[in-house]
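Beneath this line is the structure, given in structure tokens, with notes to follow.
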Amino acid sequence: MSKREFTQVPQEEILRQREFMRQVRELNPDRLLKYSISTFGCQMNENDSERLAGMLSEMGYLEAENIEDSDLIIYNTCCVRENAEFKVYGHLGSLKKLKKQKPDMIIAVCGCMMQQKDVVKHISRKYRHVDLIFGTHNLYRFPELLYNSINSDKSIIEIQDATGSIAEGMPIARKDGIKAWVTIMYGCNNFCSYCIVPFVRGRERSRNAYEITSEVEQLGRQGFREITLLGQNVNSYGLDLPENKGFAGLLRELGNVEGIERIRFMTSHPKDLSPELITVIKDCKKVCEHLHLPVQSGSSRILEMMKRNYTREMYMELAAVIKEQIPDIALTTDIIVGFPGETEADFDETLDLMEKVRFDFAYTFLYSRRTGTPAANSPDQISEDVKKQRFQKLLEVQNRISKEINDRLLGAETEVLVEGLSRNSINTFTGRTRSNKIVNFKGTNELVGMLVKVRIKKIQTWSLEGELI
Ligand code: SAH
Ligand code: SF4
Ligand code: F3S
């Protein structure tokens, strides 16, 4: 058996799940049952929730207006930081009363948090009103698990420890009609010393290029205009496939898909970013000028402890090459403050790197100790107070830089993909530039889904204001 066949869920198993979908639908012929899904964490989880929604739609469920009206409540969880877990426990606790009033209601919890044994133990002991627990590797088995849960008084727990396989051919119901997430690979092999993702998402495995292309072609036919390709480290796409075009090759291929006007992707690990990828962003018209390139820290000493496999100098050199090759590129990043052992001098190096690289935007995080990761065992944990002080400083520096970069756009003419009405407004529409900045402008409904030209008139902290040209 080749490596590929081994990681693909067999067709019989997919057919089996389709049969369970049919059986659940038979229990619910008038489509009276309603569901709600709450998603925590990254876009990968958002995309998984769209899969759950797709399966539920085939099983005759409709989306509920609110939690109280739901017959099925799902929490798709994240465990990358402790506060993501706290939120889930908070929600679960507050459902106890509702479950008493509506004993037939099913409460399900799934996602990354459930791939940790102690979490599952804790939930099954302390939150006895939870009916169904499953993980990230067996998401495609949801129809069977739901069927069993409907027909049983006991709670059902199914977690697969294995690295997981790829399930193709299951339904998906996307939230948006213009922009779509497309997962191209699952898992991560990097084991950065602070990060739990490789433990809960398993090893890297890539979807077949053929499956990805067919999905994107279908999205083009359905009227989607933009796709974002997802993976924890998209630059290593294809390394596990027998025929490997590499990530740059995949982008080139997707650049030919009719109907799709914009292609984005995340996340790129700096250690694996190839010169070929820079060329593709430059050459391929549909690939947008935006790169999310998490640096995590500006200190080589900390980067080494983080096991990131690059130094401060290597990152700065890479950023300089990218900016030189693609002058209008927007660079965004992730930064962790308060990694164990981070001194004031290390932190100053992070601030200095930010001043030198000048990111358009940075997602900043307080280091969170994750059981099972090497950094959690370090004796040099940083106090919450110090972390918060550093975080505040980082934010001030980044906000100033973001504003300075955006100020340069004043008066510029830019292409915007119109996404819809801006919140709380009747005639202000919202969309994004190719560099992923939000632009609000006065428009009309027919423009939704179209690429328009807008002149930037005003710079706000988190968005731009413009007028149609
Ligand atoms: N695969 C992506 C990121 C996935 S997690 C990458 O490597 O860039 C998203 C971000 O969460 C990470 O970039 C990191 O900045 C942050 N993160 C991960 N583990 C964390 C932890 N233990 N504490 C704080 N932030 C963390
Ligand atoms: Fe986590 Fe590092 Fe993998 Fe990103 S590359 S998911 S930070 S282990
Ligand atoms: Fe969280 Fe899992 Fe994503 S831990 S960040 S939801 S891969």
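Labels for the structure tokens follow display order: chains A, B, ..., residues from 1 in each chain, ligands from 1.
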
Near segment 19-31 of chain A, within 9 Å and counting only C-alpha atoms, which residues show up once chain neighbours fewer than 4 positions away are dropped, as a PDB file with N, CA and C atoms, in the first residue's frame?
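Produced file result-v4.pdb, reproduced below:
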ATOM      1  N   ILE A  14     -16.704   6.536   3.658  1.00  0.00           N
ATOM      2  CA  ILE A  14     -17.443   7.764   3.298  1.00  0.00           C
ATOM      3  C   ILE A  14     -18.895   7.385   2.974  1.00  0.00           C
ATOM      4  N   LEU A  15     -19.063   6.280   2.215  1.00  0.00           N
ATOM      5  CA  LEU A  15     -20.414   5.840   1.851  1.00  0.00           C
ATOM      6  C   LEU A  15     -21.213   5.471   3.098  1.00  0.00           C
ATOM      7  N   MET A  55     -22.760  18.597   6.683  1.00  0.00           N
ATOM      8  CA  MET A  55     -23.326  17.285   7.038  1.00  0.00           C
ATOM      9  C   MET A  55     -24.708  17.490   7.660  1.00  0.00           C
ATOM     10  N   LEU A  56     -24.826  18.496   8.538  1.00  0.00           N
ATOM     11  CA  LEU A  56     -26.111  18.734   9.213  1.00  0.00           C
ATOM     12  C   LEU A  56     -27.201  19.113   8.224  1.00  0.00           C
ATOM     13  N   GLU A  58     -27.434  18.116   5.174  1.00  0.00           N
ATOM     14  CA  GLU A  58     -27.885  16.869   4.524  1.00  0.00           C
ATOM     15  C   GLU A  58     -28.728  16.000   5.462  1.00  0.00           C
ATOM     16  N   MET A  59     -28.531  16.207   6.758  1.00  0.00           N
ATOM     17  CA  MET A  59     -29.312  15.412   7.722  1.00  0.00           C
ATOM     18  C   MET A  59     -30.622  16.122   8.069  1.00  0.00           C
ATOM     19  N   GLY A  60     -30.913  17.190   7.316  1.00  0.00           N
ATOM     20  CA  GLY A  60     -32.203  17.858   7.488  1.00  0.00           C
ATOM     21  C   GLY A  60     -32.240  18.902   8.586  1.00  0.00           C
ATOM     22  N   TYR A  61     -31.101  19.247   9.147  1.00  0.00           N
ATOM     23  CA  TYR A  61     -31.083  20.266  10.203  1.00  0.00           C
ATOM     24  C   TYR A  61     -30.992  21.660   9.591  1.00  0.00           C
ATOM     25  N   LEU A  62     -31.656  22.628  10.234  1.00  0.00           N
ATOM     26  CA  LEU A  62     -31.522  24.027   9.832  1.00  0.00           C
ATOM     27  C   LEU A  62     -30.744  24.773  10.916  1.00  0.00           C
ATOM     28  N   PRO A 143     -21.744  12.009  11.282  1.00  0.00           N
ATOM     29  CA  PRO A 143     -23.102  11.486  11.063  1.00  0.00           C
ATOM     30  C   PRO A 143     -23.389  10.231  11.896  1.00  0.00           C
ATOM     31  N   GLU A 144     -22.429   9.308  11.922  1.00  0.00           N
ATOM     32  CA  GLU A 144     -22.626   8.071  12.689  1.00  0.00           C
ATOM     33  C   GLU A 144     -22.699   8.370  14.189  1.00  0.00           C
ATOM     34  N   LEU A 145     -21.809   9.268  14.635  1.00  0.00           N
ATOM     35  CA  LEU A 145     -21.775   9.599  16.065  1.00  0.00           C
ATOM     36  C   LEU A 145     -23.071  10.291  16.483  1.00  0.00           C
ATOM     37  N   LEU A 146     -23.573  11.175  15.618  1.00  0.00           N
ATOM     38  CA  LEU A 146     -24.823  11.871  15.938  1.00  0.00           C
ATOM     39  C   LEU A 146     -25.986  10.874  15.979  1.00  0.00           C
ATOM     40  N   TYR A 147     -26.000   9.977  14.995  1.00  0.00           N
ATOM     41  CA  TYR A 147     -27.057   8.955  14.958  1.00  0.00           C
ATOM     42  C   TYR A 147     -27.052   8.144  16.257  1.00  0.00           C
ATOM     43  N   ILE A 150     -28.343  10.253  19.185  1.00  0.00           N
ATOM     44  CA  ILE A 150     -29.804  10.417  19.176  1.00  0.00           C
ATOM     45  C   ILE A 150     -30.467   9.171  19.750  1.00  0.00           C
TER      46      ILE A 150
END

Cut-off 10 Å: closest chain A/ligand 2 atom pairs per residue, using only C-alpha atoms and all ligand atoms, as JSON lines:
{"residue": "A:Val80", "atom": "CA", "partner": "ligand 2", "partner_atom_place_in_ligand_line": "1 (Fe)", "distance": 8.4}
{"residue": "A:Gly187", "atom": "CA", "partner": "ligand 2", "partner_atom_place_in_ligand_line": "6 (S)", "distance": 7.7}
{"residue": "A:Cys188", "atom": "CA", "partner": "ligand 2", "partner_atom_place_in_ligand_line": "3 (Fe)", "distance": 4.8}
{"residue": "A:Asn189", "atom": "CA", "partner": "ligand 2", "partner_atom_place_in_ligand_line": "3 (Fe)", "distance": 6.3}
{"residue": "A:Asn190", "atom": "CA", "partner": "ligand 2", "partner_atom_place_in_ligand_line": "8 (S)", "distance": 4.7}
{"residue": "A:Phe191", "atom": "CA", "partner": "ligand 2", "partner_atom_place_in_ligand_line": "8 (S)", "distance": 4.0}
{"residue": "A:Cys192", "atom": "CA", "partner": "ligand 2", "partner_atom_place_in_ligand_line": "8 (S)", "distance": 4.2}
{"residue": "A:Ser193", "atom": "CA", "partner": "ligand 2", "partner_atom_place_in_ligand_line": "8 (S)", "distance": 7.2}
{"residue": "A:Tyr194", "atom": "CA", "partner": "ligand 2", "partner_atom_place_in_ligand_line": "1 (Fe)", "distance": 7.5}
{"residue": "A:Cys195", "atom": "CA", "partner": "ligand 2", "partner_atom_place_in_ligand_line": "1 (Fe)", "distance": 4.6}
{"residue": "A:Ile196", "atom": "CA", "partner": "ligand 2", "partner_atom_place_in_ligand_line": "1 (Fe)", "distance": 6.4}
{"residue": "A:Val197", "atom": "CA", "partner": "ligand 2", "partner_atom_place_in_ligand_line": "6 (S)", "distance": 5.0}
{"residue": "A:Pro198", "atom": "CA", "partner": "ligand 2", "partner_atom_place_in_ligand_line": "8 (S)", "distance": 5.7}
{"residue": "A:Phe199", "atom": "CA", "partner": "ligand 2", "partner_atom_place_in_ligand_line": "8 (S)", "distance": 8.8}
{"residue": "A:Val200", "atom": "CA", "partner": "ligand 2", "partner_atom_place_in_ligand_line": "6 (S)", "distance": 10.0}
{"residue": "A:Arg201", "atom": "CA", "partner": "ligand 2", "partner_atom_place_in_ligand_line": "6 (S)", "distance": 8.8}
{"residue": "A:Arg203", "atom": "CA", "partner": "ligand 2", "partner_atom_place_in_ligand_line": "3 (Fe)", "distance": 9.7}
{"residue": "A:Glu204", "atom": "CA", "partner": "ligand 2", "partner_atom_place_in_ligand_line": "3 (Fe)", "distance": 9.4}
{"residue": "A:Gly231", "atom": "CA", "partner": "ligand 2", "partner_atom_place_in_ligand_line": "6 (S)", "distance": 8.7}
{"residue": "A:Gln232", "atom": "CA", "partner": "ligand 2", "partner_atom_place_in_ligand_line": "6 (S)", "distance": 5.0}
{"residue": "A:Asn233", "atom": "CA", "partner": "ligand 2", "partner_atom_place_in_ligand_line": "5 (S)", "distance": 6.0}
{"residue": "A:Val234", "atom": "CA", "partner": "ligand 2", "partner_atom_place_in_ligand_line": "5 (S)", "distance": 9.8}
{"residue": "A:Thr267", "atom": "CA", "partner": "ligand 2", "partner_atom_place_in_ligand_line": "4 (Fe)", "distance": 7.9}
{"residue": "A:Ser268", "atom": "CA", "partner": "ligand 2", "partner_atom_place_in_ligand_line": "5 (S)", "distance": 8.5}
{"residue": "A:His269", "atom": "CA", "partner": "ligand 2", "partner_atom_place_in_ligand_line": "5 (S)", "distance": 6.4}
{"residue": "A:Pro270", "atom": "CA", "partner": "ligand 2", "partner_atom_place_in_ligand_line": "5 (S)", "distance": 9.5}
{"residue": "A:Lys271", "atom": "CA", "partner": "ligand 2", "partner_atom_place_in_ligand_line": "5 (S)", "distance": 9.7}
{"residue": "A:Pro294", "atom": "CA", "partner": "ligand 2", "partner_atom_place_in_ligand_line": "7 (S)", "distance": 8.4}
{"residue": "A:Val295", "atom": "CA", "partner": "ligand 2", "partner_atom_place_in_ligand_line": "7 (S)", "distance": 9.9}
{"residue": "A:Gln296", "atom": "CA", "partner": "ligand 2", "partner_atom_place_in_ligand_line": "7 (S)", "distance": 8.5}
{"residue": "A:Met306", "atom": "CA", "partner": "ligand 2", "partner_atom_place_in_ligand_line": "2 (Fe)", "distance": 8.6}
{"residue": "A:Lys307", "atom": "CA", "partner": "ligand 2", "partner_atom_place_in_ligand_line": "2 (Fe)", "distance": 8.3}
{"residue": "A:Arg308", "atom": "CA", "partner": "ligand 2", "partner_atom_place_in_ligand_line": "2 (Fe)", "distance": 7.2}
{"residue": "A:Asp334", "atom": "CA", "partner": "ligand 2", "partner_atom_place_in_ligand_line": "7 (S)", "distance": 9.4}
{"residue": "A:Thr373", "atom": "CA", "partner": "ligand 2", "partner_atom_place_in_ligand_line": "8 (S)", "distance": 9.8}

Write the selection just made, keeping N, CA, C and O atoms, as a tab-separated table (two decimals), in the first residue's frame?
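Output file part28.tsv is given in full below:
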chain	number	residue	atom	x	y	z
A	80	VAL	N	-5.03	26.38	21.67
A	80	VAL	CA	-3.71	26.95	21.42
A	80	VAL	C	-3.26	27.82	22.59
A	80	VAL	O	-2.08	27.90	22.89
A	187	GLY	N	-2.47	19.16	9.88
A	187	GLY	CA	-1.39	18.81	10.80
A	187	GLY	C	-0.16	19.69	10.70
A	187	GLY	O	-0.12	20.65	9.92
A	188	CYS	N	0.84	19.35	11.50
A	188	CYS	CA	2.07	20.12	11.51
A	188	CYS	C	3.21	19.24	12.01
A	188	CYS	O	3.02	18.44	12.93
A	189	ASN	N	4.39	19.39	11.39
A	189	ASN	CA	5.56	18.59	11.81
A	189	ASN	C	6.60	19.41	12.55
A	189	ASN	O	7.68	18.92	12.83
A	190	ASN	N	6.29	20.66	12.83
A	190	ASN	CA	7.36	21.54	13.30
A	190	ASN	C	7.66	21.50	14.79
A	190	ASN	O	8.77	21.76	15.20
A	191	PHE	N	6.67	21.21	15.60
A	191	PHE	CA	6.88	21.12	17.04
A	191	PHE	C	7.64	22.32	17.61
A	191	PHE	O	8.65	22.15	18.29
A	192	CYS	N	7.19	23.52	17.31
A	192	CYS	CA	7.73	24.70	18.00
A	192	CYS	C	7.52	24.45	19.49
A	192	CYS	O	6.49	23.88	19.87
A	193	SER	N	8.48	24.87	20.32
A	193	SER	CA	8.49	24.34	21.69
A	193	SER	C	7.34	24.84	22.56
A	193	SER	O	7.11	24.32	23.64
A	194	TYR	N	6.62	25.87	22.11
A	194	TYR	CA	5.50	26.41	22.90
A	194	TYR	C	4.15	25.87	22.44
A	194	TYR	O	3.13	26.09	23.07
A	195	CYS	N	4.12	25.15	21.31
A	195	CYS	CA	2.86	24.99	20.57
A	195	CYS	C	2.25	23.59	20.70
A	195	CYS	O	2.93	22.58	20.57
A	196	ILE	N	0.95	23.57	20.86
A	196	ILE	CA	0.25	22.30	21.07
A	196	ILE	C	-0.34	21.74	19.77
A	196	ILE	O	-0.75	20.58	19.71
A	197	VAL	N	-0.35	22.58	18.72
A	197	VAL	CA	-1.03	22.18	17.48
A	197	VAL	C	-0.57	20.82	16.94
A	197	VAL	O	-1.40	19.96	16.62
A	198	PRO	N	0.76	20.52	16.86
A	198	PRO	CA	1.16	19.22	16.32
A	198	PRO	C	0.61	18.04	17.14
A	198	PRO	O	0.40	16.96	16.61
A	199	PHE	N	0.37	18.27	18.43
A	199	PHE	CA	-0.13	17.19	19.29
A	199	PHE	C	-1.62	16.93	19.05
A	199	PHE	O	-2.09	15.83	19.24
A	200	VAL	N	-2.35	17.97	18.69
A	200	VAL	CA	-3.80	17.80	18.56
A	200	VAL	C	-4.26	17.69	17.10
A	200	VAL	O	-5.39	17.29	16.84
A	201	ARG	N	-3.39	18.05	16.17
A	201	ARG	CA	-3.76	17.98	14.75
A	201	ARG	C	-2.97	16.94	13.99
A	201	ARG	O	-3.17	16.74	12.79
A	203	ARG	N	0.37	14.70	12.32
A	203	ARG	CA	1.45	15.02	11.38
A	203	ARG	C	0.92	15.64	10.09
A	203	ARG	O	-0.25	15.48	9.75
A	204	GLU	N	1.84	16.32	9.39
A	204	GLU	CA	1.48	16.97	8.13
A	204	GLU	C	0.99	15.97	7.10
A	204	GLU	O	1.62	14.94	6.87
A	231	GLY	N	-3.29	25.97	5.78
A	231	GLY	CA	-2.42	24.90	6.30
A	231	GLY	C	-1.57	25.52	7.40
A	231	GLY	O	-1.35	26.73	7.38
A	232	GLN	N	-1.10	24.71	8.35
A	232	GLN	CA	-0.25	25.29	9.41
A	232	GLN	C	1.07	25.77	8.83
A	232	GLN	O	1.71	26.66	9.38
A	233	ASN	N	1.51	25.15	7.75
A	233	ASN	CA	2.75	25.56	7.11
A	233	ASN	C	2.63	25.25	5.62
A	233	ASN	O	3.12	24.23	5.15
A	234	VAL	N	1.96	26.14	4.89
A	234	VAL	CA	1.63	25.84	3.49
A	234	VAL	C	2.87	25.61	2.62
A	234	VAL	O	2.79	24.94	1.59
A	267	THR	N	-0.70	29.43	6.72
A	267	THR	CA	0.36	30.31	7.15
A	267	THR	C	1.68	29.87	6.53
A	267	THR	O	1.88	28.68	6.29
A	268	SER	N	2.60	30.82	6.34
A	268	SER	CA	3.92	30.49	5.80
A	268	SER	C	4.93	30.48	6.93
A	268	SER	O	5.04	31.46	7.66
A	269	HIS	N	5.66	29.40	7.06
A	269	HIS	CA	6.74	29.36	8.05
A	269	HIS	C	7.98	29.96	7.40
A	269	HIS	O	8.37	29.53	6.31
A	270	PRO	N	8.61	30.95	8.06
A	270	PRO	CA	9.77	31.62	7.43
A	270	PRO	C	10.88	30.64	7.02
A	270	PRO	O	11.56	30.87	6.03
A	271	LYS	N	11.04	29.55	7.76
A	271	LYS	CA	12.17	28.65	7.44
A	271	LYS	C	11.97	27.95	6.10
A	271	LYS	O	12.93	27.48	5.51
A	294	PRO	N	4.68	34.64	10.33
A	294	PRO	CA	4.86	34.77	11.78
A	294	PRO	C	6.33	34.76	12.18
A	294	PRO	O	7.07	33.84	11.81
A	295	VAL	N	6.75	35.80	12.93
A	295	VAL	CA	8.15	35.86	13.36
A	295	VAL	C	8.28	35.31	14.78
A	295	VAL	O	9.29	34.76	15.14
A	296	GLN	N	7.27	35.51	15.61
A	296	GLN	CA	7.17	35.04	17.00
A	296	GLN	C	8.06	35.81	17.97
A	296	GLN	O	7.63	36.14	19.06
A	306	MET	N	12.58	28.51	20.97
A	306	MET	CA	11.26	28.21	20.40
A	306	MET	C	11.33	27.11	19.35
A	306	MET	O	10.30	26.64	18.88
A	307	LYS	N	12.53	26.77	18.92
A	307	LYS	CA	12.76	25.79	17.85
A	307	LYS	C	12.15	26.25	16.53
A	307	LYS	O	11.45	25.49	15.85
A	308	ARG	N	12.39	27.50	16.18
A	308	ARG	CA	11.80	28.03	14.96
A	308	ARG	C	12.71	27.81	13.74
A	308	ARG	O	12.28	28.05	12.61
A	334	ASP	N	2.77	37.10	13.52
A	334	ASP	CA	2.34	36.73	14.87
A	334	ASP	C	3.54	36.92	15.79
A	334	ASP	O	4.67	36.58	15.41
A	373	THR	N	3.95	20.48	26.08
A	373	THR	CA	4.93	21.11	25.20
A	373	THR	C	6.21	21.36	26.01
A	373	THR	O	6.14	21.60	27.22

**Report entry** Test item: residues at most 12 Å from segment 178-182 of chain A, only C-alpha atoms, excluding those fewer than 4 positions along its chain, as a VMD selection string
**Finding:** chain A and resid 42 to 51 172 to 174 186 207 209 211 to 231 234 254 259 to 266 417 to 420 431 to 432 447 to 451

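Here atom CA of Thr332 of chain A stands at a distance of 7.9 Å from atom CA of Tyr363 of chain A.
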
Report task. Give me every alpha helix (DSSP H) residue in segment 180-319 of chain A, going by DSSP on the backbone, as number ranges by chain. Result -> A: 197-201, 209-221, 246-254, 275-283, 300-306, 312-319

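Using only C-alpha atoms for every distance, the candidate list A:Thr414, A:Asn256, A:Asn427, A:Asn208 yields A:Asn208 as the residue closest to Pro242 of chain A.
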
Query raised in the report: When distances are computed from only C-alpha atoms, which of A:Ile159, A:Glu404, A:Asn235, A:Lys87 shows the smallest separation from Asn138 of chain A?
Result: A:Ile159

Requested in this report: Name the residues of segment 190-247 of chain A that come out as strand (DSSP E or B) in a backbone DSSP run; write them as an MDAnalysis selection string.
Outcome: chainID A and resid 205:206 226:230

Query raised in the report: Near Pro327 of chain A, counting only C-alpha atoms, which residues have an atom at most 10 Å away, once you skip same-chain residues fewer than 6 positions from it, shown as a VMD selection string?
Result: chain A and resid 282 289 320 to 321
